[in-house]
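What follows is start_25.txt (compact mmCIF, C-alpha atoms and all ligand atoms).
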```txt
# COMPACT_ATOMS: atom_id res chain seq x y z
CA MET A 1 -32.65 -5.75 -7.46
CA GLN A 2 -29.53 -7.82 -6.85
CA SER A 3 -29.52 -10.46 -4.11
CA TYR A 4 -26.68 -12.77 -3.09
CA LEU A 5 -26.90 -15.96 -1.02
CA ASN A 6 -24.39 -16.85 1.68
CA ALA A 7 -22.64 -13.61 0.85
CA SER A 8 -19.31 -12.38 2.14
CA LEU A 9 -19.49 -9.26 4.28
CA LYS A 10 -15.79 -8.50 4.02
CA ASN A 11 -16.22 -5.73 1.46
CA VAL A 12 -19.34 -4.17 2.95
CA HIS A 13 -17.93 -3.15 6.33
CA THR A 14 -14.79 -1.19 7.07
CA PHE A 15 -13.29 -3.63 9.58
CA SER A 16 -13.02 -5.87 6.48
CA ILE A 17 -13.25 -9.04 8.51
CA GLU A 18 -14.11 -12.31 6.80
CA GLN A 19 -17.72 -12.94 7.80
CA THR A 20 -20.86 -14.04 5.99
CA CYS A 21 -24.63 -13.56 5.99
CA ASP A 22 -27.49 -15.69 4.66
CA VAL A 23 -28.63 -13.12 2.09
CA LEU A 24 -27.41 -9.73 0.94
CA VAL A 25 -29.46 -7.34 -1.19
CA GLU A 26 -28.85 -3.86 -2.54
CA VAL A 27 -31.79 -1.46 -2.72
CA THR A 28 -31.90 1.58 -4.98
CA SER A 29 -35.40 2.88 -4.20
CA VAL A 30 -37.88 3.08 -1.36
CA ASP A 31 -40.19 0.75 -3.31
CA GLU A 32 -37.44 -1.87 -3.48
CA LEU A 33 -36.83 -1.45 0.22
CA ILE A 34 -40.52 -2.05 0.92
CA SER A 35 -40.58 -5.09 -1.36
CA VAL A 36 -37.63 -6.59 0.53
CA TYR A 37 -39.49 -6.25 3.82
CA GLN A 38 -42.70 -7.64 2.32
CA ASP A 39 -41.15 -10.53 0.38
CA PRO A 40 -42.52 -13.79 1.88
CA GLN A 41 -39.30 -15.70 1.11
CA TRP A 42 -37.44 -13.39 3.52
CA SER A 43 -40.16 -12.75 6.08
CA ALA A 44 -38.64 -15.07 8.69
CA LEU A 45 -35.13 -13.61 8.37
CA PRO A 46 -33.79 -10.96 10.73
CA LYS A 47 -32.87 -7.88 8.70
CA LEU A 48 -30.06 -5.36 8.98
CA MET A 49 -29.94 -2.07 7.09
CA LEU A 50 -26.37 -1.25 6.28
CA GLY A 51 -24.78 1.88 4.87
CA LYS A 52 -21.01 1.60 4.40
CA GLY A 53 -20.54 -0.61 7.46
CA SER A 54 -18.14 1.92 8.98
CA ASN A 55 -19.57 1.53 12.46
CA MET A 56 -20.20 -2.23 12.43
CA LEU A 57 -18.61 -5.37 13.73
CA PHE A 58 -20.12 -8.68 12.67
CA THR A 59 -19.28 -10.91 15.62
CA GLU A 60 -20.29 -14.13 13.83
CA HIS A 61 -22.14 -15.38 10.75
CA PHE A 62 -25.34 -13.34 10.43
CA SER A 63 -28.26 -15.72 9.80
CA GLY A 64 -30.26 -12.95 8.23
CA LEU A 65 -30.65 -10.48 5.41
CA VAL A 66 -28.29 -7.54 5.02
CA ILE A 67 -29.80 -4.66 3.04
CA ILE A 68 -27.30 -2.30 1.47
CA ASN A 69 -28.50 1.28 1.12
CA ARG A 70 -28.07 2.57 -2.44
CA LEU A 71 -30.83 5.21 -2.40
CA SER A 72 -29.40 8.09 -4.39
CA GLY A 73 -30.19 11.69 -5.25
CA ILE A 74 -29.46 15.17 -3.89
CA GLU A 75 -31.77 18.17 -4.33
CA LEU A 76 -30.58 21.69 -3.61
CA THR A 77 -32.97 24.61 -3.11
CA GLU A 78 -32.40 28.02 -1.60
CA SER A 79 -34.14 30.89 0.12
CA SER A 80 -32.75 34.34 0.78
CA GLU A 81 -31.25 33.09 4.03
CA SER A 82 -30.25 29.49 3.53
CA TYR A 83 -29.58 26.53 1.29
CA SER A 84 -31.64 23.40 1.78
CA LEU A 85 -30.36 19.97 0.84
CA HIS A 86 -32.63 16.95 0.54
CA VAL A 87 -30.25 13.98 0.49
CA SER A 88 -31.24 10.38 -0.18
CA GLY A 89 -30.07 7.92 2.46
CA GLY A 90 -27.55 6.03 0.35
CA GLU A 91 -25.56 9.10 -0.71
CA ASP A 92 -21.96 8.96 0.47
CA TRP A 93 -21.54 11.42 3.37
CA PRO A 94 -17.88 12.46 2.82
CA SER A 95 -18.59 13.06 -0.89
CA LEU A 96 -21.58 15.21 0.06
CA VAL A 97 -19.43 17.32 2.37
CA GLU A 98 -16.76 17.75 -0.29
CA TRP A 99 -19.40 18.62 -2.90
CA SER A 100 -20.91 21.25 -0.58
CA VAL A 101 -17.53 22.90 0.00
CA ASP A 102 -16.74 22.80 -3.73
CA HIS A 103 -20.03 24.60 -4.38
CA GLY A 104 -19.35 27.31 -1.82
CA LEU A 105 -21.86 26.05 0.77
CA GLY A 106 -20.68 26.38 4.36
CA GLY A 107 -21.80 24.37 7.37
CA LEU A 108 -20.69 20.79 6.72
CA GLU A 109 -16.91 21.36 6.56
CA ASN A 110 -16.18 20.21 10.14
CA LEU A 111 -17.85 16.88 9.31
CA ALA A 112 -15.45 16.10 6.47
CA MET A 113 -14.11 12.60 5.95
CA ILE A 114 -16.56 10.81 8.24
CA PRO A 115 -17.15 7.58 6.34
CA GLY A 116 -20.68 6.35 5.80
CA CYS A 117 -24.00 7.00 4.13
CA SER A 118 -26.02 10.16 4.67
CA GLY A 119 -28.92 8.03 5.89
CA SER A 120 -26.72 6.59 8.64
CA ALA A 121 -25.59 10.02 9.86
CA PRO A 122 -28.65 10.62 12.10
CA ILE A 123 -28.42 7.19 13.74
CA GLN A 124 -25.59 8.24 16.04
CA ASN A 125 -25.80 11.97 15.26
CA ILE A 126 -22.31 11.95 13.74
CA GLY A 127 -19.98 14.56 15.11
CA ALA A 128 -16.46 15.89 14.82
CA TYR A 129 -14.44 19.02 15.45
CA GLY A 130 -17.18 20.85 17.34
CA VAL A 131 -20.12 20.15 15.01
CA GLU A 132 -22.75 17.42 15.10
CA LEU A 133 -25.31 16.45 12.50
CA GLN A 134 -28.02 18.00 14.69
CA ASP A 135 -26.49 21.44 14.05
CA VAL A 136 -27.39 21.28 10.34
CA CYS A 137 -30.23 18.75 10.27
CA GLU A 138 -33.73 20.04 9.53
CA TYR A 139 -35.56 16.73 9.20
CA VAL A 140 -35.16 13.00 8.74
CA ASP A 141 -37.47 11.01 6.45
CA ILE A 142 -38.11 7.47 7.64
CA LEU A 143 -39.83 4.42 6.26
CA CYS A 144 -42.04 3.15 9.10
CA LEU A 145 -41.76 -0.63 9.16
CA ASP A 146 -45.24 -1.15 10.61
CA THR A 147 -47.14 0.80 7.94
CA TYR A 148 -44.61 0.95 5.07
CA THR A 149 -45.21 4.67 4.76
CA VAL A 150 -42.66 7.46 4.73
CA LYS A 151 -42.90 9.93 7.58
CA ARG A 152 -40.95 13.14 8.23
CA LEU A 153 -39.41 13.68 11.66
CA SER A 154 -38.33 17.15 12.66
CA LYS A 155 -34.87 17.57 14.12
CA ASP A 156 -36.38 17.87 17.60
CA GLU A 157 -38.30 14.64 17.18
CA CYS A 158 -35.03 12.84 16.48
CA LEU A 159 -33.91 13.39 20.12
CA PHE A 160 -30.29 13.82 19.13
CA GLY A 161 -27.60 13.48 21.78
CA TYR A 162 -23.91 12.63 21.89
CA ARG A 163 -23.64 9.65 19.51
CA ASP A 164 -27.34 9.11 20.16
CA SER A 165 -30.81 9.53 18.67
CA ILE A 166 -34.33 8.15 18.76
CA PHE A 167 -33.21 5.52 16.23
CA LYS A 168 -31.26 3.75 18.98
CA HIS A 169 -34.24 3.80 21.33
CA ALA A 170 -37.99 4.25 20.62
CA LEU A 171 -37.57 3.73 16.87
CA TYR A 172 -34.99 0.98 17.11
CA GLY A 173 -35.89 -1.71 14.55
CA LYS A 174 -39.00 0.21 13.55
CA ALA A 175 -37.72 2.72 11.00
CA ILE A 176 -35.31 3.02 8.11
CA VAL A 177 -33.87 6.41 7.28
CA VAL A 178 -34.54 7.05 3.60
CA ALA A 179 -33.48 10.72 3.35
CA ILE A 180 -32.26 13.63 5.40
CA GLY A 181 -32.87 17.37 5.08
CA LEU A 182 -30.06 19.79 5.87
CA THR A 183 -30.23 23.56 6.21
CA LEU A 184 -27.06 25.56 5.65
CA ALA A 185 -27.21 29.25 6.53
CA LYS A 186 -25.97 31.62 3.82
CA GLU A 187 -24.48 33.78 6.54
CA TRP A 188 -21.69 31.36 7.35
CA LYS A 189 -20.31 31.24 10.88
CA PRO A 190 -17.09 29.31 11.36
CA CYS A 191 -16.91 26.69 14.07
CA ASN A 192 -13.24 26.77 15.00
CA HIS A 193 -13.24 26.29 18.77
CA TYR A 194 -12.21 22.62 18.73
CA GLY A 195 -8.54 22.13 19.71
CA PRO A 196 -6.42 22.17 16.59
CA LEU A 197 -8.83 24.40 14.59
CA LYS A 198 -8.19 27.28 17.00
CA SER A 199 -4.80 27.90 15.44
CA LEU A 200 -6.21 28.66 11.96
CA PRO A 201 -5.63 32.34 11.07
CA LEU A 202 -8.95 34.16 11.54
CA GLU A 203 -8.56 36.37 8.47
CA THR A 204 -8.41 33.40 6.11
CA LEU A 205 -11.18 31.32 7.72
CA SER A 206 -13.57 29.84 5.17
CA PRO A 207 -15.47 26.58 4.70
CA ARG A 208 -12.60 25.51 2.45
CA SER A 209 -9.84 26.33 4.97
CA ILE A 210 -11.64 24.47 7.76
CA PHE A 211 -12.41 21.54 5.44
CA ASP A 212 -8.73 21.33 4.42
CA GLU A 213 -7.56 21.49 8.02
CA VAL A 214 -10.04 18.88 9.23
CA CYS A 215 -8.99 16.58 6.36
CA ALA A 216 -5.31 17.11 7.21
CA ILE A 217 -5.84 16.38 10.92
CA ARG A 218 -7.99 13.34 10.26
CA SER A 219 -5.54 11.94 7.70
CA SER A 220 -2.69 12.29 10.18
CA LYS A 221 -4.59 10.81 13.15
CA LEU A 222 -7.03 8.23 11.90
CA PRO A 223 -6.17 5.10 9.91
CA ASP A 224 -7.62 4.86 6.42
CA PRO A 225 -10.03 1.90 6.47
CA SER A 226 -9.06 0.94 2.93
CA VAL A 227 -5.53 0.33 4.21
CA GLN A 228 -6.15 -0.81 7.79
CA GLY A 229 -9.64 -2.04 8.59
CA ASN A 230 -11.26 -0.14 11.44
CA ALA A 231 -14.54 1.47 12.50
CA GLY A 232 -13.26 4.79 13.86
CA SER A 233 -13.48 5.34 17.62
CA PHE A 234 -14.22 1.94 19.09
CA PHE A 235 -15.54 3.35 22.37
CA LYS A 236 -17.53 6.50 23.16
CA ASN A 237 -15.95 9.19 25.26
CA PRO A 238 -17.37 8.42 28.72
CA VAL A 239 -19.28 11.05 30.66
CA ILE A 240 -18.52 11.10 34.41
CA THR A 241 -19.48 13.25 37.39
CA LYS A 242 -17.45 16.30 38.33
CA ASP A 243 -16.55 14.66 41.64
CA HIS A 244 -15.15 11.64 39.88
CA PHE A 245 -13.25 13.88 37.47
CA ASP A 246 -11.83 15.97 40.33
CA ARG A 247 -10.61 12.84 42.09
CA LEU A 248 -8.94 11.64 38.90
CA SER A 249 -7.47 15.10 38.19
CA ALA A 250 -5.77 15.06 41.59
CA LEU A 251 -4.05 11.81 40.62
CA TYR A 252 -3.59 12.54 36.91
CA PRO A 253 -3.26 16.29 36.33
CA ASP A 254 -3.02 15.79 32.54
CA ILE A 255 -6.38 14.02 32.23
CA VAL A 256 -8.36 15.39 29.27
CA GLY A 257 -12.01 16.27 29.92
CA TYR A 258 -14.62 18.73 28.67
CA GLU A 259 -17.70 20.15 30.44
CA SER A 260 -20.89 18.53 29.19
CA ASN A 261 -24.23 19.42 30.89
CA ASP A 262 -22.90 19.51 34.46
CA MET A 263 -20.88 16.38 33.80
CA ILE A 264 -17.43 15.86 32.29
CA LYS A 265 -16.81 14.06 29.04
CA VAL A 266 -13.42 12.38 29.26
CA ALA A 267 -11.20 11.54 26.30
CA ALA A 268 -11.31 7.75 26.12
CA GLY A 269 -8.24 7.80 23.88
CA TRP A 270 -6.29 9.42 26.69
CA LEU A 271 -7.53 6.87 29.25
CA ILE A 272 -6.57 3.93 27.02
CA ASP A 273 -3.25 5.55 26.18
CA GLN A 274 -2.50 5.89 29.93
CA CYS A 275 -3.07 2.15 30.26
CA GLN A 276 -0.21 1.70 27.78
CA PHE A 277 -2.38 0.09 25.14
CA LYS A 278 -1.11 1.88 22.04
CA GLY A 279 0.13 -0.74 19.61
CA VAL A 280 -1.01 -3.70 21.76
CA ILE A 281 -1.80 -6.76 19.62
CA GLU A 282 -4.31 -9.56 20.18
CA GLY A 283 -4.23 -12.10 17.35
CA GLY A 284 -4.73 -10.01 14.21
CA ALA A 285 -6.23 -7.03 16.05
CA GLN A 286 -4.27 -4.05 17.29
CA VAL A 287 -4.87 -0.86 19.23
CA HIS A 288 -3.78 1.77 16.75
CA PRO A 289 -0.22 2.84 17.57
CA ASN A 290 -1.06 6.58 17.22
CA GLN A 291 -4.73 6.82 18.29
CA ALA A 292 -5.60 4.55 21.20
CA LEU A 293 -9.35 4.89 20.68
CA VAL A 294 -9.19 3.03 17.38
CA ILE A 295 -8.88 -0.74 17.09
CA ILE A 296 -7.58 -1.90 13.74
CA ASN A 297 -7.68 -5.08 11.71
CA HIS A 298 -3.92 -5.27 11.71
CA ASP A 299 -3.41 -8.68 10.16
CA GLU A 300 -6.44 -10.69 9.07
CA ALA A 301 -8.10 -10.25 12.43
CA SER A 302 -11.11 -12.31 13.35
CA ALA A 303 -14.05 -10.76 15.15
CA ALA A 304 -12.94 -12.75 18.21
CA ASP A 305 -9.53 -11.01 18.13
CA ILE A 306 -11.24 -7.61 18.11
CA LEU A 307 -13.58 -8.63 20.93
CA ARG A 308 -10.76 -9.98 23.12
CA LEU A 309 -8.70 -6.84 22.62
CA ALA A 310 -11.69 -4.57 23.31
CA ALA A 311 -12.37 -6.53 26.51
CA ARG A 312 -8.75 -6.10 27.66
CA VAL A 313 -8.91 -2.36 26.97
CA ARG A 314 -12.21 -1.98 28.80
CA GLN A 315 -10.95 -3.98 31.79
CA ALA A 316 -7.74 -1.94 32.06
CA VAL A 317 -9.59 1.40 31.95
CA LEU A 318 -12.11 0.20 34.52
CA GLY A 319 -9.33 -1.02 36.81
CA LYS A 320 -7.21 2.13 36.60
CA PHE A 321 -9.86 4.87 36.42
CA ASP A 322 -13.08 3.20 37.59
CA ILE A 323 -14.70 4.21 34.29
CA PRO A 324 -16.72 1.65 32.32
CA LEU A 325 -16.23 2.22 28.59
CA GLU A 326 -19.19 1.72 26.26
CA HIS A 327 -18.52 0.72 22.69
CA GLU A 328 -19.64 3.12 19.97
CA VAL A 329 -19.26 0.44 17.29
CA ARG A 330 -22.47 -1.53 16.73
CA PHE A 331 -22.17 -5.33 17.03
CA MET A 332 -24.29 -7.71 14.98
CA GLY A 333 -24.47 -11.26 16.28
CA GLN A 334 -25.99 -14.40 14.79
CA ASP A 335 -29.53 -13.08 14.54
CA SER A 336 -29.70 -9.80 16.41
CA GLU A 337 -27.65 -6.89 17.64
CA THR A 338 -25.36 -7.78 20.51
CA ASN A 339 -22.80 -6.15 22.78
CA LEU A 340 -19.32 -6.83 24.11
CA ASP A 341 -20.42 -8.87 27.14
CA LYS A 342 -22.89 -11.00 25.23
CA ALA A 343 -20.52 -11.50 22.31
CA LEU A 344 -17.72 -12.64 24.64
CA GLU A 345 -20.15 -15.02 26.30
CA ALA A 346 -21.22 -16.43 22.91
CA MET A 347 -17.54 -17.03 22.08
CA ALA A 348 -16.72 -18.87 25.33
P1 LIG B 1 -23.26 1.51 9.12
O1 LIG B 1 -22.00 1.15 9.83
O2 LIG B 1 -23.55 0.79 7.87
O3 LIG B 1 -24.48 1.36 10.12
C1 LIG B 1 -24.36 1.84 11.44
C2 LIG B 1 -25.67 1.55 12.20
O4 LIG B 1 -26.72 2.33 11.63
C3 LIG B 1 -26.12 0.11 12.09
O5 LIG B 1 -26.74 -0.24 13.31
C4 LIG B 1 -27.13 0.13 10.97
O6 LIG B 1 -28.08 -0.92 11.05
C5 LIG B 1 -27.78 1.48 11.17
N1 LIG B 1 -28.25 2.06 9.92
C6 LIG B 1 -27.49 2.31 8.82
N2 LIG B 1 -28.24 2.89 7.87
C7 LIG B 1 -29.48 3.00 8.37
C8 LIG B 1 -30.70 3.52 7.85
N3 LIG B 1 -30.77 4.05 6.62
N4 LIG B 1 -31.81 3.48 8.63
C9 LIG B 1 -31.75 2.93 9.87
N5 LIG B 1 -30.62 2.42 10.41
C10 LIG B 1 -29.50 2.46 9.67
N6 LIG B 1 -18.41 8.81 13.50
C11 LIG B 1 -18.58 10.05 14.01
O7 LIG B 1 -19.66 10.38 14.53
N7 LIG B 1 -17.57 10.97 13.96
C12 LIG B 1 -16.36 10.70 13.41
O8 LIG B 1 -15.49 11.56 13.39
C13 LIG B 1 -16.16 9.41 12.86
N8 LIG B 1 -14.98 9.10 12.29
C14 LIG B 1 -14.80 7.86 11.76
C15 LIG B 1 -13.57 7.56 11.15
C16 LIG B 1 -13.35 6.32 10.59
C17 LIG B 1 -12.02 6.02 9.93
C18 LIG B 1 -14.39 5.34 10.61
C19 LIG B 1 -14.17 4.00 9.96
C20 LIG B 1 -15.61 5.61 11.22
C21 LIG B 1 -15.82 6.88 11.81
N9 LIG B 1 -17.04 7.21 12.44
C22 LIG B 1 -17.23 8.47 12.93
C23 LIG B 1 -18.12 6.21 12.53
C24 LIG B 1 -18.98 6.15 11.24
O9 LIG B 1 -18.37 6.85 10.20
C25 LIG B 1 -20.38 6.74 11.46
O10 LIG B 1 -21.04 6.05 12.50
C26 LIG B 1 -21.24 6.66 10.20
O11 LIG B 1 -22.40 7.45 10.34
C27 LIG B 1 -21.63 5.24 9.87
O12 LIG B 1 -22.24 5.24 8.59
P2 LIG B 1 -22.41 3.88 7.80
O13 LIG B 1 -23.20 4.17 6.59
O14 LIG B 1 -21.12 3.23 7.59
O15 LIG B 1 -23.29 3.08 8.85
N1 LIG B 2 -5.55 11.29 23.15
C1 LIG B 2 -4.46 10.72 23.75
N2 LIG B 2 -4.02 9.53 23.25
C2 LIG B 2 -4.61 8.91 22.21
C3 LIG B 2 -5.74 9.51 21.59
C4 LIG B 2 -6.19 10.70 22.09
O1 LIG B 2 -3.91 11.25 24.70
O2 LIG B 2 -4.14 7.84 21.83
C5 LIG B 2 -6.00 12.60 23.62
C6 LIG B 2 -5.68 13.70 22.60
O3 LIG B 2 -4.39 14.18 22.77
C7 LIG B 2 -6.72 14.74 22.89
C8 LIG B 2 -7.90 13.91 23.37
O4 LIG B 2 -7.41 12.62 23.71
O5 LIG B 2 -6.30 15.57 23.94
C9 LIG B 2 -9.01 13.81 22.32
O6 LIG B 2 -8.48 13.24 21.13
P1 LIG B 2 -9.07 13.61 19.68
O7 LIG B 2 -9.14 15.08 19.52
O8 LIG B 2 -8.27 12.82 18.69
O9 LIG B 2 -10.54 13.11 19.72
P2 LIG B 2 -11.21 11.79 20.29
O10 LIG B 2 -11.88 12.10 21.57
O11 LIG B 2 -10.23 10.66 20.30
C10 LIG B 2 -13.48 12.29 19.14
C11 LIG B 2 -14.51 11.48 18.41
C12 LIG B 2 -14.08 11.28 16.97
C13 LIG B 2 -13.96 12.65 16.31
C14 LIG B 2 -12.92 13.47 17.08
C15 LIG B 2 -12.85 14.89 16.57
C16 LIG B 2 -15.66 10.05 19.99
C17 LIG B 2 -15.81 8.69 20.56
N3 LIG B 2 -14.70 10.20 19.07
O12 LIG B 2 -12.29 11.50 19.16
O13 LIG B 2 -15.09 10.54 16.30
O14 LIG B 2 -13.55 12.53 14.98
O15 LIG B 2 -13.30 13.54 18.48
O16 LIG B 2 -14.00 15.58 16.95
O17 LIG B 2 -16.41 10.95 20.36
C18 LIG B 2 -15.80 8.32 15.83
O18 LIG B 2 -16.83 8.58 16.47
O19 LIG B 2 -15.64 7.23 15.24
C19 LIG B 2 -14.75 9.32 15.72
C20 LIG B 2 -13.59 9.11 15.09
```
Produce structure tokens that represent the structure in this file.
Amino acid sequence: MQSYLNASLKNVHTFSIEQTCDVLVEVTSVDELISVYQDPQWSALPKLMLGKGSNMLFTEHFSGLVIINRLSGIELTESSESYSLHVSGGEDWPSLVEWSVDHGLGGLENLAMIPGCSGSAPIQNIGAYGVELQDVCEYVDILCLDTYTVKRLSKDECLFGYRDSIFKHALYGKAIVVAIGLTLAKEWKPCNHYGPLKSLPLETLSPRSIFDEVCAIRSSKLPDPSVQGNAGSFFKNPVITKDHFDRLSALYPDIVGYESNDMIKVAAGWLIDQCQFKGVIEGGAQVHPNQALVIINHDEASAADILRLAARVRQAVLGKFDIPLEHEVRFMGQDSETNLDKALEAMA
């Protein structure tokens, strides 16, 4: 097992910001993972499990141990009705989706090109283009950090929601996802109701055609982190009451919102765009000129630049629409997870 002291985090998160941690290790097996947690030399250090760092902002030096997930292996089995995939947590998610489409398996195509590890996918129940992980997830295998045993959670036990799961709540800090189980029905049903997918010709719909279209849309809309550091949508799409939405609709007839359990989920990108933030720069950080929901590392941004820009965006949206934005990106501070308010305070 490799370990590195005072390691740079620049290449292990997609914002690619210069930041460091006390120790960085890479684990390739569950046994190695357990030995990291049990090693007395690291027992006092706060620990962070990291996949590809595509949903992370390190707000300052992390005085702890970053554990990079390299658990690998994919097993495919089938019944008369479905394919089952048992995927180790460190497997690259976008490669898995591409592999499934290449092998004629349908069900993952809408989730193409979402960066990250498969083991990170349940944490925020990744979603795109009308499909969420919960639609294909059968189970999640976790290492329980109190007993060091592996336990299987059913999909229902994961309490999936919009960018949410039990791993952000009751199991926060208590479990590491070591594998996921996916079930893909052999009788494939296309999911093509999300905006731009509706225009695909019905007669040619296939996992491949949806995969290709999703890849084309994403490539045109979202910045490639290897070119411009970013962590995807910086904020979640806020969910507001119908009353609030109706009041806003009267003032802004073009406002974009979707019904969501008696509430309305509003497009945060639209809200930020209306505040004229596209392209706005703060130090080395920039609101992406084409997709206002993404903040990019435009020019050697510091974490402080990103935080200041995020605060300006949040303030403007609150002022204009009376909607508080919540960041989707996870923030790691000096020794524990933090949030925008606390991180700004720590900077002051
Ligand atoms: P990391 O960023 O490494 O970790 C994220 C969080 O999960 C951290 O808190 C970490 O501690 C925790 N974690 C990671 N692995 C484990 C584990 N094994 N066990 C327990 N906790 C763990 N997301 C979407 O939902 N939909 C999108 O369409 C989408 N598009 C994106 C586009 C771009 C260009 C980028 C950069 C990001 C996008 N994202 C999207 C966000 C991101 O891809 C997902 O959140 C992804 O699941 C993160 O995976 P990761 O391995 O990089 O996780
Ligand atoms: N919009 C604007 N201006 C902008 C950006 C968006 O007006 O600058 C409008 C669009 O025109 C559209 C609406 O906002 O009418 C929604 O935009 P889009 O379809 O691009 O989706 P999104 O709400 O910005 C969400 C997810 C993405 C996911 C896409 C596709 C969240 C926070 N974001 O983005 O997920 O890929 O839908 O399903 O839910 C992520 O989580 O990191 C992520 C990229």
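If only C-alpha atoms and all ligand atoms are the atoms counted, then among A:Ile68, A:Val317, A:Cys158, A:Ala348 the closest residue to ligand LIG 1 (chain B) is A:Ile68.
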Interface rows for stretch 320-347 of chain A against stretch 236-255 of chain A: nearest pair, Å to one decimal, 12 Å, all atoms listed in the file, as JSON lines:
```
{"residue": "A:Lys320", "atom": "CA", "partner": "A:Leu248", "partner_atom": "CA", "distance": 9.9}
{"residue": "A:Phe321", "atom": "CA", "partner": "A:Leu248", "partner_atom": "CA", "distance": 7.3}
{"residue": "A:Asp322", "atom": "CA", "partner": "A:His244", "partner_atom": "CA", "distance": 9.0}
{"residue": "A:Ile323", "atom": "CA", "partner": "A:Pro238", "partner_atom": "CA", "distance": 7.5}
{"residue": "A:Pro324", "atom": "CA", "partner": "A:Pro238", "partner_atom": "CA", "distance": 7.7}
{"residue": "A:Leu325", "atom": "CA", "partner": "A:Pro238", "partner_atom": "CA", "distance": 6.3}
{"residue": "A:Glu326", "atom": "CA", "partner": "A:Lys236", "partner_atom": "CA", "distance": 5.9}
{"residue": "A:His327", "atom": "CA", "partner": "A:Lys236", "partner_atom": "CA", "distance": 5.9}
{"residue": "A:Glu328", "atom": "CA", "partner": "A:Lys236", "partner_atom": "CA", "distance": 5.1}
{"residue": "A:Val329", "atom": "CA", "partner": "A:Lys236", "partner_atom": "CA", "distance": 8.6}
{"residue": "A:Arg330", "atom": "CA", "partner": "A:Lys236", "partner_atom": "CA", "distance": 11.4}
```
message: I'd like the neighbourhood of A:Tyr194 as a PyMOL selection string, where a residue qualifies if any of its atoms comes within 6 Å (using only C-alpha atoms), though same-chain residues fewer than 2 positions away should be ignored.
response: chain A and resi 129-130+192+197
- line: For ligand LIG 2 (chain B), the closest of A:Glu132, A:Asp262, A:Glu203, A:Glu300 counting all atoms listed in the file is A:Glu132
query: Counting only C-alpha atoms and all ligand atoms, which protein, DNA or RNA residues come within 6 Å of ligand LIG 2 (chain B), given as number ranges by chain?
result: A: 128-129, 232-233, 235-237, 256, 267, 269-270, 273, 290-293
- request: Output the neighbourhood of ligand LIG 1 (chain B) as number ranges by chain, that is, all protein and nucleic acid residues with some atom at most 6 Å from the ligand, counting all atoms listed in the file.
  value: A: 14, 48-56, 89, 114-117, 119-121, 123, 126-128, 176-178, 222-225, 230-232, 330
message: Under the rule that only C-alpha atoms are counted, which of A:Ala216, A:Pro207, A:Leu182, A:Gly64 is the nearest residue to A:Glu78?
response: A:Leu182
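Shortest separation to A:Trp93 among A:Pro122, A:Gly257, A:Gly106, A:Val227 occurs at residue A:Pro122, atoms counted being only C-alpha atoms.
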query: Around (-0.3, -1.2, 15.7) in the file's frame, which residues reach within 8 Å when counting only C-alpha atoms? Return as a PyMOL selection string?
result: chain A and resi 278-281+286-290+296+298
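Closest approach to A:Pro190 from the set A:Tyr37, A:Tyr172, A:Phe211, A:Phe167 is made by A:Phe211, with distances taken over all atoms listed in the file.
The two atoms in question, atom CA of A:Val87 and atom CA of A:Lys221, are spaced 28.8 Å apart.
A straight line drawn from atom CA of A:Ser3 to atom CA of A:Thr338 is 25.1 Å long.
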Where atoms are absent from stretch 260-268 of chain A, fill them in so it carries N, CA and C atoms, then output it as a PDB file, keeping the file's coordinate frame.
```pdb
ATOM      1  N   SER A 260     -19.780  18.990  30.010  1.00  0.00           N
ATOM      2  CA  SER A 260     -20.890  18.530  29.190  1.00  0.00           C
ATOM      3  C   SER A 260     -22.126  18.395  30.084  1.00  0.00           C
ATOM      4  N   ASN A 261     -22.997  19.408  30.064  1.00  0.00           N
ATOM      5  CA  ASN A 261     -24.230  19.420  30.890  1.00  0.00           C
ATOM      6  C   ASN A 261     -23.991  19.010  32.336  1.00  0.00           C
ATOM      7  N   ASP A 262     -23.183  19.776  33.031  1.00  0.00           N
ATOM      8  CA  ASP A 262     -22.900  19.510  34.460  1.00  0.00           C
ATOM      9  C   ASP A 262     -22.115  18.225  34.704  1.00  0.00           C
ATOM     10  N   MET A 263     -21.702  17.582  33.665  1.00  0.00           N
ATOM     11  CA  MET A 263     -20.880  16.380  33.800  1.00  0.00           C
ATOM     12  C   MET A 263     -19.572  16.656  33.030  1.00  0.00           C
ATOM     13  N   ILE A 264     -18.678  15.697  33.052  1.00  0.00           N
ATOM     14  CA  ILE A 264     -17.430  15.860  32.290  1.00  0.00           C
ATOM     15  C   ILE A 264     -17.296  14.706  31.310  1.00  0.00           C
ATOM     16  N   LYS A 265     -17.064  15.085  30.055  1.00  0.00           N
ATOM     17  CA  LYS A 265     -16.810  14.060  29.040  1.00  0.00           C
ATOM     18  C   LYS A 265     -15.291  13.878  28.965  1.00  0.00           C
ATOM     19  N   VAL A 266     -14.862  12.656  29.186  1.00  0.00           N
ATOM     20  CA  VAL A 266     -13.420  12.380  29.260  1.00  0.00           C
ATOM     21  C   VAL A 266     -12.955  11.759  27.945  1.00  0.00           C
ATOM     22  N   ALA A 267     -11.731  12.104  27.546  1.00  0.00           N
ATOM     23  CA  ALA A 267     -11.200  11.540  26.300  1.00  0.00           C
ATOM     24  C   ALA A 267     -10.804  10.079  26.523  1.00  0.00           C
ATOM     25  N   ALA A 268     -11.583   9.180  25.950  1.00  0.00           N
ATOM     26  CA  ALA A 268     -11.310   7.750  26.120  1.00  0.00           C
ATOM     27  C   ALA A 268      -9.943   7.389  25.550  1.00  0.00           C
TER      28      ALA A 268
END
```
